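Below is run12.cif, which holds mmCIF, C-alpha atoms and all ligand atoms.
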data_run
loop_
_atom_site.group_PDB
_atom_site.id
_atom_site.type_symbol
_atom_site.label_atom_id
_atom_site.label_comp_id
_atom_site.auth_asym_id
_atom_site.auth_seq_id
_atom_site.Cartn_x
_atom_site.Cartn_y
_atom_site.Cartn_z
ATOM 1 C CA MET A 1 31.329 249.915 66.407
ATOM 2 C CA LEU A 2 29.866 250.311 69.889
ATOM 3 C CA LEU A 3 27.334 247.468 69.911
ATOM 4 C CA GLN A 4 27.011 244.354 67.784
ATOM 5 C CA VAL A 5 24.197 241.881 68.277
ATOM 6 C CA LYS A 6 24.947 238.592 66.541
ATOM 7 C CA ASN A 7 22.552 235.686 65.976
ATOM 8 C CA LEU A 8 20.670 236.491 69.160
ATOM 9 C CA SER A 9 17.851 234.109 70.085
ATOM 10 C CA HIS A 10 15.937 233.676 73.297
ATOM 11 C CA THR A 11 13.280 231.360 74.624
ATOM 12 C CA TYR A 12 11.594 231.604 78.017
ATOM 13 C CA ASP A 13 10.724 227.923 77.676
ATOM 14 C CA PRO A 14 13.042 225.765 79.824
ATOM 15 C CA ASP A 15 12.877 223.156 77.057
ATOM 16 C CA ILE A 16 15.046 224.949 74.488
ATOM 17 C CA LYS A 17 14.238 222.275 71.907
ATOM 18 C CA SER A 18 10.559 223.336 72.005
ATOM 19 C CA ASN A 19 11.256 225.938 69.300
ATOM 20 C CA ASN A 20 9.098 228.410 71.160
ATOM 21 C CA TYR A 21 11.477 231.344 70.658
ATOM 22 C CA THR A 22 10.674 234.942 71.696
ATOM 23 C CA LEU A 23 13.746 236.355 69.891
ATOM 24 C CA LYS A 24 14.782 234.699 66.634
ATOM 25 C CA ASP A 25 18.270 235.087 65.221
ATOM 26 C CA ILE A 26 18.551 238.851 65.580
ATOM 27 C CA ASN A 27 21.501 240.732 64.081
ATOM 28 C CA PHE A 28 22.167 244.468 64.191
ATOM 29 C CA GLU A 29 24.842 247.034 64.962
ATOM 30 C CA VAL A 30 24.790 250.406 66.706
ATOM 31 C CA GLN A 31 27.383 253.151 66.268
ATOM 32 C CA LYS A 32 28.484 255.386 69.110
ATOM 33 C CA GLY A 33 26.163 258.411 69.395
ATOM 34 C CA GLU A 34 23.371 256.857 67.314
ATOM 35 C CA PHE A 35 19.715 257.197 68.307
ATOM 36 C CA ILE A 36 17.915 253.925 67.599
ATOM 37 C CA GLY A 37 14.127 253.599 67.640
ATOM 38 C CA LEU A 38 12.824 250.104 68.403
ATOM 39 C CA ILE A 39 9.259 249.431 67.332
ATOM 40 C CA GLY A 40 7.004 246.396 67.070
ATOM 41 C CA HIS A 41 3.509 245.256 67.888
ATOM 42 C CA THR A 42 2.814 244.390 71.509
ATOM 43 C CA GLY A 43 4.431 241.047 72.354
ATOM 44 C CA SER A 44 6.908 241.231 69.439
ATOM 45 C CA GLY A 45 9.872 240.937 71.824
ATOM 46 C CA LYS A 46 11.098 244.532 72.295
ATOM 47 C CA SER A 47 11.378 244.414 76.097
ATOM 48 C CA THR A 48 12.946 240.971 75.991
ATOM 49 C CA LEU A 49 15.542 242.216 73.494
ATOM 50 C CA VAL A 50 16.569 245.246 75.542
ATOM 51 C CA GLN A 51 16.704 243.192 78.730
ATOM 52 C CA THR A 52 19.248 240.895 77.086
ATOM 53 C CA LEU A 53 21.327 243.998 76.261
ATOM 54 C CA ASN A 54 21.904 244.788 79.933
ATOM 55 C CA ALA A 55 22.056 241.170 81.072
ATOM 56 C CA LEU A 56 18.789 241.079 82.971
ATOM 57 C CA ILE A 57 18.037 238.192 80.666
ATOM 58 C CA HIS A 58 20.747 235.777 79.600
ATOM 59 C CA PRO A 59 19.982 234.966 75.949
ATOM 60 C CA THR A 60 19.611 231.355 74.900
ATOM 61 C CA LYS A 61 21.941 231.842 71.920
ATOM 62 C CA GLY A 62 24.091 234.517 70.335
ATOM 63 C CA GLU A 63 26.539 237.269 71.169
ATOM 64 C CA ILE A 64 26.159 240.856 72.394
ATOM 65 C CA ILE A 65 29.430 242.640 71.789
ATOM 66 C CA ILE A 66 29.974 246.034 73.401
ATOM 67 C CA ASP A 67 33.337 247.728 72.920
ATOM 68 C CA GLY A 68 34.672 244.467 71.526
ATOM 69 C CA GLN A 69 33.604 242.414 74.570
ATOM 70 C CA ASP A 70 30.863 239.774 74.521
ATOM 71 C CA ILE A 71 28.751 240.738 77.546
ATOM 72 C CA THR A 72 26.949 237.374 77.607
ATOM 73 C CA LYS A 73 30.271 236.012 78.918
ATOM 74 C CA ILE A 74 30.779 238.657 81.635
ATOM 75 C CA LYS A 75 29.907 237.338 85.104
ATOM 76 C CA ASN A 76 30.243 240.688 86.928
ATOM 77 C CA LEU A 77 26.891 242.430 86.333
ATOM 78 C CA LYS A 78 28.248 245.772 87.602
ATOM 79 C CA GLU A 79 30.614 245.822 84.612
ATOM 80 C CA ILE A 80 27.606 245.508 82.302
ATOM 81 C CA ARG A 81 25.504 248.129 84.133
ATOM 82 C CA LYS A 82 28.370 250.599 83.578
ATOM 83 C CA LYS A 83 28.048 249.982 79.848
ATOM 84 C CA VAL A 84 24.276 249.710 79.414
ATOM 85 C CA GLY A 85 21.635 251.547 81.446
ATOM 86 C CA LEU A 86 18.029 250.417 81.118
ATOM 87 C CA VAL A 87 15.074 252.560 82.161
ATOM 88 C CA PHE A 88 12.048 250.278 82.460
ATOM 89 C CA GLN A 89 8.439 250.989 81.553
ATOM 90 C CA TYR A 90 6.875 253.005 84.404
ATOM 91 C CA PRO A 91 10.259 253.406 86.157
ATOM 92 C CA GLU A 92 8.693 255.524 88.894
ATOM 93 C CA HIS A 93 7.419 252.263 90.396
ATOM 94 C CA GLN A 94 11.023 251.514 91.261
ATOM 95 C CA LEU A 95 11.702 254.721 93.191
ATOM 96 C CA PHE A 96 11.988 253.677 96.809
ATOM 97 C CA GLU A 97 14.338 255.934 98.790
ATOM 98 C CA GLU A 98 13.031 258.685 101.042
ATOM 99 C CA ASN A 99 14.679 261.486 99.105
ATOM 100 C CA ILE A 100 15.767 262.093 95.550
ATOM 101 C CA ALA A 101 19.512 262.340 96.208
ATOM 102 C CA ALA A 102 19.427 258.937 97.936
ATOM 103 C CA ASP A 103 17.472 257.402 95.092
ATOM 104 C CA VAL A 104 19.797 258.668 92.356
ATOM 105 C CA SER A 105 22.909 257.704 94.345
ATOM 106 C CA PHE A 106 21.785 254.094 94.843
ATOM 107 C CA GLY A 107 23.459 252.776 91.662
ATOM 108 C CA PRO A 108 26.798 254.627 91.941
ATOM 109 C CA LYS A 109 27.064 253.643 95.631
ATOM 110 C CA ASN A 110 26.565 250.039 94.602
ATOM 111 C CA LEU A 111 29.514 250.394 92.244
ATOM 112 C CA GLY A 112 31.613 251.081 95.345
ATOM 113 C CA LEU A 113 32.524 254.640 94.311
ATOM 114 C CA ASN A 114 33.733 257.083 96.962
ATOM 115 C CA GLU A 115 31.363 259.666 98.434
ATOM 116 C CA ASP A 116 32.717 262.618 96.428
ATOM 117 C CA GLU A 117 32.359 260.751 93.168
ATOM 118 C CA VAL A 118 28.839 259.608 94.100
ATOM 119 C CA ASP A 119 27.868 263.229 94.897
ATOM 120 C CA ARG A 120 29.382 264.482 91.662
ATOM 121 C CA ARG A 121 27.426 261.930 89.662
ATOM 122 C CA VAL A 122 24.137 262.636 91.441
ATOM 123 C CA LYS A 123 24.473 266.380 90.798
ATOM 124 C CA GLN A 124 25.431 265.812 87.196
ATOM 125 C CA ALA A 125 22.660 263.282 86.527
ATOM 126 C CA LEU A 126 19.987 265.576 87.988
ATOM 127 C CA GLU A 127 21.346 268.455 85.929
ATOM 128 C CA TRP A 128 21.198 266.272 82.802
ATOM 129 C CA VAL A 129 17.481 265.713 83.310
ATOM 130 C CA ASN A 130 16.913 269.372 84.153
ATOM 131 C CA LEU A 131 16.146 269.006 87.869
ATOM 132 C CA ASP A 132 17.905 271.543 90.075
ATOM 133 C CA TYR A 133 20.018 269.637 92.634
ATOM 134 C CA GLU A 134 19.560 272.076 95.529
ATOM 135 C CA GLU A 135 15.839 272.326 94.943
ATOM 136 C CA PHE A 136 15.185 268.609 94.589
ATOM 137 C CA LYS A 137 17.823 266.666 96.533
ATOM 138 C CA ASP A 138 15.906 266.437 99.821
ATOM 139 C CA ARG A 139 12.442 266.071 98.371
ATOM 140 C CA SER A 140 10.528 262.820 98.470
ATOM 141 C CA PRO A 141 10.332 261.154 95.053
ATOM 142 C CA PHE A 142 6.715 260.335 95.856
ATOM 143 C CA ARG A 143 5.696 264.001 95.929
ATOM 144 C CA LEU A 144 6.640 264.837 92.360
ATOM 145 C CA SER A 145 4.630 265.041 89.155
ATOM 146 C CA GLY A 146 4.620 261.970 86.915
ATOM 147 C CA GLY A 147 7.070 263.626 84.504
ATOM 148 C CA GLN A 148 9.443 264.614 87.315
ATOM 149 C CA GLN A 149 9.347 261.103 88.808
ATOM 150 C CA ARG A 150 10.248 259.717 85.420
ATOM 151 C CA ARG A 151 13.198 262.134 85.203
ATOM 152 C CA VAL A 152 14.457 261.095 88.649
ATOM 153 C CA ALA A 153 14.311 257.451 87.533
ATOM 154 C CA ILE A 154 16.252 258.305 84.367
ATOM 155 C CA ALA A 155 18.797 260.266 86.458
ATOM 156 C CA GLY A 156 19.313 257.123 88.581
ATOM 157 C CA VAL A 157 20.382 255.228 85.477
ATOM 158 C CA LEU A 158 22.443 258.141 84.066
ATOM 159 C CA ALA A 159 24.359 258.348 87.352
ATOM 160 C CA MET A 160 25.890 254.997 86.387
ATOM 161 C CA GLU A 161 27.339 256.862 83.365
ATOM 162 C CA PRO A 162 26.409 254.144 80.883
ATOM 163 C CA GLU A 163 27.678 254.200 77.319
ATOM 164 C CA ILE A 164 24.261 253.151 76.059
ATOM 165 C CA LEU A 165 20.971 254.390 77.491
ATOM 166 C CA ILE A 166 17.896 252.256 76.793
ATOM 167 C CA LEU A 167 14.464 253.744 77.415
ATOM 168 C CA ASP A 168 11.459 251.386 77.356
ATOM 169 C CA GLU A 169 8.426 253.548 76.519
ATOM 170 C CA PRO A 170 9.570 256.533 78.595
ATOM 171 C CA THR A 171 6.543 258.701 77.805
ATOM 172 C CA ALA A 172 3.832 256.068 78.377
ATOM 173 C CA GLY A 173 1.053 257.404 80.585
ATOM 174 C CA LEU A 174 2.323 261.014 80.687
ATOM 175 C CA ASP A 175 0.115 263.946 79.708
ATOM 176 C CA PRO A 176 1.034 265.771 76.436
ATOM 177 C CA LYS A 177 2.956 268.581 78.174
ATOM 178 C CA ALA A 178 5.035 266.215 80.325
ATOM 179 C CA ARG A 179 5.606 264.044 77.264
ATOM 180 C CA VAL A 180 7.018 266.931 75.228
ATOM 181 C CA GLU A 181 9.226 268.037 78.143
ATOM 182 C CA LEU A 182 10.625 264.550 78.624
ATOM 183 C CA ILE A 183 11.267 264.142 74.907
ATOM 184 C CA ASN A 184 13.179 267.437 74.928
ATOM 185 C CA GLU A 185 15.338 266.125 77.798
ATOM 186 C CA ILE A 186 16.068 262.984 75.815
ATOM 187 C CA VAL A 187 17.004 264.998 72.710
ATOM 188 C CA ASN A 188 19.338 267.060 74.907
ATOM 189 C CA LEU A 189 21.070 263.946 76.201
ATOM 190 C CA LYS A 190 21.908 262.986 72.655
ATOM 191 C CA ASP A 191 22.765 266.446 71.341
ATOM 192 C CA LYS A 192 24.762 267.730 74.315
ATOM 193 C CA PHE A 193 26.462 264.572 75.513
ATOM 194 C CA GLY A 194 26.483 262.395 72.402
ATOM 195 C CA LEU A 195 24.888 259.554 74.358
ATOM 196 C CA THR A 196 23.953 256.420 72.427
ATOM 197 C CA ILE A 197 20.237 255.836 72.914
ATOM 198 C CA ILE A 198 17.846 252.976 72.166
ATOM 199 C CA LEU A 199 14.229 254.040 72.544
ATOM 200 C CA ILE A 200 11.177 251.777 72.540
ATOM 201 C CA SER A 201 7.942 253.555 71.755
ATOM 202 C CA HIS A 202 4.489 252.840 70.388
ATOM 203 C CA ARG A 203 4.241 256.487 69.318
ATOM 204 C CA MET A 204 5.409 256.586 65.723
ATOM 205 C CA GLU A 205 5.572 260.425 65.708
ATOM 206 C CA GLU A 206 8.056 260.269 68.557
ATOM 207 C CA ILE A 207 10.201 257.620 66.889
ATOM 208 C CA ALA A 208 10.155 259.390 63.502
ATOM 209 C CA GLN A 209 11.306 262.677 64.976
ATOM 210 C CA LEU A 210 13.974 261.266 67.278
ATOM 211 C CA ALA A 211 15.553 258.227 65.692
ATOM 212 C CA ASP A 212 18.489 258.182 63.296
ATOM 213 C CA ARG A 213 17.596 254.578 62.528
ATOM 214 C CA ILE A 214 14.605 252.367 63.289
ATOM 215 C CA LEU A 215 14.562 248.627 64.008
ATOM 216 C CA VAL A 216 11.241 246.848 63.506
ATOM 217 C CA LEU A 217 10.522 243.620 65.409
ATOM 218 C CA GLU A 218 7.778 241.212 64.451
ATOM 219 C CA SER A 219 7.195 237.932 66.337
ATOM 220 C CA GLY A 220 10.769 238.033 67.626
ATOM 221 C CA LYS A 221 12.377 238.674 64.228
ATOM 222 C CA LEU A 222 14.078 241.849 63.035
ATOM 223 C CA VAL A 223 12.028 242.402 59.867
ATOM 224 C CA LEU A 224 12.875 245.949 58.773
ATOM 225 C CA GLU A 225 15.678 248.374 59.526
ATOM 226 C CA GLY A 226 16.592 251.799 58.216
ATOM 227 C CA SER A 227 16.112 255.564 58.428
ATOM 228 C CA PRO A 228 12.659 256.889 59.446
ATOM 229 C CA SER A 229 12.073 257.885 55.787
ATOM 230 C CA TYR A 230 12.864 254.355 54.618
ATOM 231 C CA VAL A 231 10.920 252.498 57.299
ATOM 232 C CA PHE A 232 7.791 254.675 57.152
ATOM 233 C CA ASP A 233 7.727 254.364 53.364
ATOM 234 C CA HIS A 234 6.717 250.710 54.000
ATOM 235 C CA ASP A 235 3.265 251.725 55.221
ATOM 236 C CA SER A 236 1.389 248.710 53.793
ATOM 237 C CA TYR A 237 3.845 246.262 55.346
ATOM 238 C CA LEU A 238 3.793 248.079 58.691
ATOM 239 C CA GLU A 239 0.007 247.934 58.672
ATOM 240 C CA GLU A 240 0.150 244.187 57.981
ATOM 241 C CA ILE A 241 2.208 243.673 61.145
ATOM 242 C CA GLY A 242 -0.045 245.862 63.265
ATOM 243 C CA LEU A 243 1.940 249.105 63.153
ATOM 244 C CA GLY A 244 1.052 252.505 61.798
ATOM 245 C CA ILE A 245 3.027 255.391 60.396
ATOM 246 C CA PRO A 246 3.044 258.926 61.832
ATOM 247 C CA GLN A 247 -0.330 260.566 61.239
ATOM 248 C CA ILE A 248 1.171 263.541 59.416
ATOM 249 C CA THR A 249 3.092 261.208 57.060
ATOM 250 C CA SER A 250 -0.141 259.397 56.300
ATOM 251 C CA VAL A 251 -1.929 262.697 55.554
ATOM 252 C CA MET A 252 0.873 263.743 53.175
ATOM 253 C CA LYS A 253 0.732 260.393 51.362
ATOM 254 C CA ARG A 254 -3.039 260.719 50.906
ATOM 255 C CA LEU A 255 -2.739 264.335 49.729
ATOM 256 C CA LYS A 256 -0.073 263.398 47.211
ATOM 257 C CA LYS A 257 -2.247 260.632 45.771
ATOM 258 C CA LYS A 258 -5.523 262.523 45.769
ATOM 259 C CA LEU A 259 -4.139 265.749 44.270
ATOM 260 C CA LYS A 260 -1.694 263.878 41.995
ATOM 261 C CA LEU A 261 1.234 265.898 43.333
ATOM 262 C CA SER A 262 3.977 263.634 42.055
ATOM 263 C CA ASP A 263 6.762 266.020 43.216
ATOM 264 C CA MET A 264 5.584 266.216 46.805
ATOM 265 C CA ARG A 265 7.776 264.609 49.481
ATOM 266 C CA THR A 266 6.011 262.355 51.954
ATOM 267 C CA ASP A 267 8.879 261.598 54.359
ATOM 268 C CA ILE A 268 7.469 264.307 56.572
ATOM 269 C CA PHE A 269 7.156 263.865 60.342
ATOM 270 C CA THR A 270 6.162 267.265 61.740
ATOM 271 C CA ILE A 271 3.326 269.693 61.050
ATOM 272 C CA GLU A 272 5.879 272.449 60.357
ATOM 273 C CA ASP A 273 7.682 270.367 57.708
ATOM 274 C CA ALA A 274 4.305 269.455 56.175
ATOM 275 C CA LYS A 275 3.391 273.132 55.940
ATOM 276 C CA GLN A 276 6.710 273.995 54.266
ATOM 277 C CA GLU A 277 6.392 271.129 51.783
ATOM 278 C CA ILE A 278 2.818 272.049 50.839
ATOM 279 C CA LEU A 279 3.825 275.706 50.345
ATOM 280 C CA LYS A 280 6.793 274.629 48.225
ATOM 281 C CA VAL A 281 4.675 272.395 45.980
ATOM 282 C CA LYS A 282 2.027 275.119 45.703
ATOM 283 C CA ARG A 283 4.658 277.708 44.653
ATOM 284 C CA VAL A 284 5.996 275.350 41.975
ATOM 285 C CA LYS A 285 2.432 274.778 40.690
ATOM 286 C CA ASP A 286 1.687 278.532 40.663
ATOM 287 C CA VAL A 287 4.846 279.237 38.639
ATOM 288 C CA ARG A 288 3.861 276.542 36.115
HETATM 289 N N1 LIG A 301 9.102 236.313 81.912
HETATM 290 C C1 LIG A 301 8.494 235.771 80.854
HETATM 291 N N2 LIG A 301 8.203 234.440 80.819
HETATM 292 C C2 LIG A 301 7.598 233.901 79.746
HETATM 293 N N3 LIG A 301 7.232 234.577 78.640
HETATM 294 C C3 LIG A 301 7.493 235.903 78.622
HETATM 295 C C4 LIG A 301 8.121 236.562 79.723
HETATM 296 N N4 LIG A 301 8.246 237.888 79.414
HETATM 297 C C5 LIG A 301 7.707 238.033 78.185
HETATM 298 N N5 LIG A 301 7.255 236.855 77.709
HETATM 299 C C6 LIG A 301 6.628 236.629 76.400
HETATM 300 O O1 LIG A 301 7.553 236.993 75.395
HETATM 301 C C7 LIG A 301 6.884 237.647 74.310
HETATM 302 C C8 LIG A 301 7.500 239.006 74.074
HETATM 303 O O2 LIG A 301 7.262 239.845 75.197
HETATM 304 P P1 LIG A 301 7.926 241.286 75.344
HETATM 305 O O3 LIG A 301 7.478 241.841 76.644
HETATM 306 O O4 LIG A 301 9.375 241.168 75.073
HETATM 307 O O5 LIG A 301 7.218 242.042 74.125
HETATM 308 P P2 LIG A 301 7.105 243.611 73.831
HETATM 309 O O6 LIG A 301 7.286 243.764 72.366
HETATM 310 O O7 LIG A 301 8.028 244.360 74.710
HETATM 311 O O8 LIG A 301 5.595 243.918 74.228
HETATM 312 P P3 LIG A 301 4.910 245.301 74.754
HETATM 313 O O9 LIG A 301 4.930 246.246 73.603
HETATM 314 O O10 LIG A 301 3.528 244.859 75.103
HETATM 315 O O11 LIG A 301 5.701 245.778 75.935
HETATM 316 C C9 LIG A 301 5.407 237.715 74.685
HETATM 317 O O12 LIG A 301 4.737 236.640 74.076
HETATM 318 C C10 LIG A 301 5.406 237.544 76.196
HETATM 319 O O13 LIG A 301 4.243 236.921 76.647
#

structure tokens encoding of this file:
Amino acid sequence: MLLQVKNLSHTYDPDIKSNNYTLKDINFEVQKGEFIGLIGHTGSGKSTLVQTLNALIHPTKGEIIIDGQDITKIKNLKEIRKKVGLVFQYPEHQLFEENIAADVSFGPKNLGLNEDEVDRRVKQALEWVNLDYEEFKDRSPFRLSGGQQRRVAIAGVLAMEPEILILDEPTAGLDPKARVELINEIVNLKDKFGLTIILISHRMEEIAQLADRILVLESGKLVLEGSPSYVFDHDSYLEEIGLGIPQITSVMKRLKKKLKLSDMRTDIFTIEDAKQEILKVKRVKDVR
């Protein structure tokens, strides 16, 4: 088991007896190479949770065990940053160096690595996010498209070679084309390098297509957990807590009900899969 979160609670209130907890007794596990989707209504505690995972926030109670070690007890933050990389919402706001190579090398340099190793990591990280090193290394991060800036910011975290990559709404504010490109990069990171990823997103389509498993937070509690098929089958409950299901899944559910197609699958997350399922059900009906 790569990550175990045990009885994790957090309050921002200095008076911990106030019972004003943002995270409430959260327990979950993540296997190496898994892609976890983290969803929840705004203010449910998603960002707080992921910030405890890379020690930006010290939780009020509980354990976060990575590779058998409770990171809430580790004093050396560099040790934790090597294990867990966190890409914040709008990470381009944190680009600050005059060129891209300098920006991406900031983290590895801070680890005290030698120059050759820093260079190797910068080249590799840029390659991982599909930015050509020679073409981009000397360019200013401020003269890139929004999608490219985001990729440079992600490269900066990847250059730390973390075991777990956490992305907090990586596609927020990008246009559809840049969004699709960035999602493809993220899929590549998992498929090619077997990286363990935790992704926060308000876009249910994105989560459904990417995640192996989804965690649902509501008012600081982990209220639902399972495969996309399982989680998005709880549409009434999700609606109650202010969340939707992917639009295409909703269309399939309505079609099934309206046309009384009892055999039709509704755990469908892409237009292509919807088309195939409708054709399949139609063929079965025609044969009958
Ligand atoms: N630094 C802080 N001090 C006090 N309260 C905070 C702080 N950061 C967040 N909170 C509160 O904790 C709760 C959870 O916030 P958090 O940002 O973790 O939610 P979220 O699910 O990530 O929301 P969003 O989807 O809007 O990003 C909210 O009520 C928020 O106001």

Contacts between segment 174-196 of chain A and segment 14-72 of chain A, please, where a residue of segment 14-72 of chain A counts if it comes within 10 Å (with only C-alpha atoms); show its shortest atom pair and distance in Å to one decimal, rows by chain and ascending number, as CSV.
residue,atom,partner,partner_atom,distance
A:Val30,CA,A:Thr196,CA,8.3
A:Gln31,CA,A:Thr196,CA,7.8
A:Lys32,CA,A:Thr196,CA,5.7
A:Gly33,CA,A:Thr196,CA,4.2
A:Glu34,CA,A:Thr196,CA,5.2
A:Phe35,CA,A:Thr196,CA,6.0
A:Ile36,CA,A:Thr196,CA,8.1

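Contacts with ligand LIG 301 (chain A) are defined as any residue atom within 8 Å of a ligand atom, using all atoms listed in the file; the residues meeting this criterion are Thr11, Tyr12, Asp13, Thr22, Leu23, Ile39, Gly40, His41, Thr42, Gly43, Ser44, Gly45, Lys46, Ser47, Thr48, Leu49, His202, Leu217, Ser219 and Gly220 of chain A.
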
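Across the chains present, the PyMOL selection byres (((chain A and resi 74-77) around 12) and not hetatm) applied to this file returns Leu53, Asn54, Ala55, Leu56, Ile57, His58, Glu63, Ile64, Ile65, Ile66, Gln69, Asp70, Ile71, Thr72, Lys73, Lys78, Glu79, Ile80, Arg81, Lys82, Lys83, Val84, Gly85, Asn110 and Leu111 of chain A.
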
re atom CA of Ile198 of chain A and atom CA of Met1 of chain A: distance 15.0 Å

For a test of reading the model, state the distance in Å between atom CA of Met204 of chain A and atom CA of Lys256 of chain A, rounded to one decimal.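 Atom CA of Lys256 of chain A lies 20.5 Å from atom CA of Met204 of chain A.
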
Name the residues captured by the PyMOL selection byres (((chain A and resi 137) around 7) and not hetatm) when it is applied to the shown file; answer as a ChimeraX atom specification. /A:99-101,133-136,138-139

Restricted to C-alpha atoms, what would the selected residues look like written as a tab-separated table (two decimals), in the coordinates of the input?
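Saved file again.tsv follows:
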chain	number	residue	atom	x	y	z
A	99	ASN	CA	14.68	261.49	99.10
A	100	ILE	CA	15.77	262.09	95.55
A	101	ALA	CA	19.51	262.34	96.21
A	133	TYR	CA	20.02	269.64	92.63
A	134	GLU	CA	19.56	272.08	95.53
A	135	GLU	CA	15.84	272.33	94.94
A	136	PHE	CA	15.18	268.61	94.59
A	138	ASP	CA	15.91	266.44	99.82
A	139	ARG	CA	12.44	266.07	98.37

Atomic separation - atom CA of Leu167 of chain A relative to atom CA of Val87 of chain A, Å: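 Computing it gives 4.9 Å between the two atoms.
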
So what does the PyMOL selection byres (((chain A and resi 209) around 12) and not hetatm) actually pick up in this one, as an MDAnalysis selection string? chainID A and resid 35:37 180 183:184 186:187 199 201 203:208 210:214 227:229 232 245:246 248:249 267:271 273

Write out as a count of residues only each polymer residue whose atoms come within 7 Å of segment 6-9 of chain A, counting all atoms listed in the file; drop sequence neighbours fewer than 3 positions from it. 13

Could you pull the residues within 10 Å of Arg265 of chain A, counting all atoms listed in the file, minus those fewer than 5 positions along the same chain, as a list in words? Thr249, Met252, Lys253, Lys256, Ala274, Glu277, Ile278 and Val281 of chain A

For the selection just defined, write its residues with C-alpha atoms to a file, as an mmCIF file, keeping the file's coordinate frame.
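The file below, out_33.cif, is the result:
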data_model
loop_
_atom_site.group_PDB
_atom_site.id
_atom_site.type_symbol
_atom_site.label_atom_id
_atom_site.label_comp_id
_atom_site.auth_asym_id
_atom_site.auth_seq_id
_atom_site.Cartn_x
_atom_site.Cartn_y
_atom_site.Cartn_z
ATOM 1 C CA THR A 249 3.092 261.208 57.060
ATOM 2 C CA MET A 252 0.873 263.743 53.175
ATOM 3 C CA LYS A 253 0.732 260.393 51.362
ATOM 4 C CA LYS A 256 -0.073 263.398 47.211
ATOM 5 C CA ALA A 274 4.305 269.455 56.175
ATOM 6 C CA GLU A 277 6.392 271.129 51.783
ATOM 7 C CA ILE A 278 2.818 272.049 50.839
ATOM 8 C CA VAL A 281 4.675 272.395 45.980
#

Shortest contact to Gln94 of chain A, candidates A:Gly173, A:Gly112, A:Gly156, A:Gly68, atoms counted all atoms listed in the file, goes to A:Gly156

A:Ala155, A:Val216, A:Val5, A:Leu259: which is nearest Gly242 of chain A, counting all atoms listed in the file?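 Among A:Ala155, A:Val216, A:Val5, A:Leu259, it is A:Val216 that comes nearest to Gly242 of chain A.
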
Show me, as a PyMOL selection string, the residues that have an atom within 6 Å of Ile197 of chain A when counting all atoms listed in the file, minus same-chain residues fewer than 6 positions from it. chain A and resi 35+164-166

Measuring atom to atom with only C-alpha atoms, identify which of A:Glu225, A:Glu98, A:Asp168, A:Asp119 is nearest to Ser140 of chain A.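 Checking each candidate against Ser140 of chain A, we get A:Glu98 as the closest.
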
Each side padded by 8 Å, which centre and which edge lengths in Å (one decimal) define the axis-aligned box around the listed atoms of segment 150-158 of chain A? Give them as JSON.
{"center_x": 16.3, "center_y": 258.7, "center_z": 86.4, "size_x": 28.2, "size_y": 22.9, "size_z": 20.6}
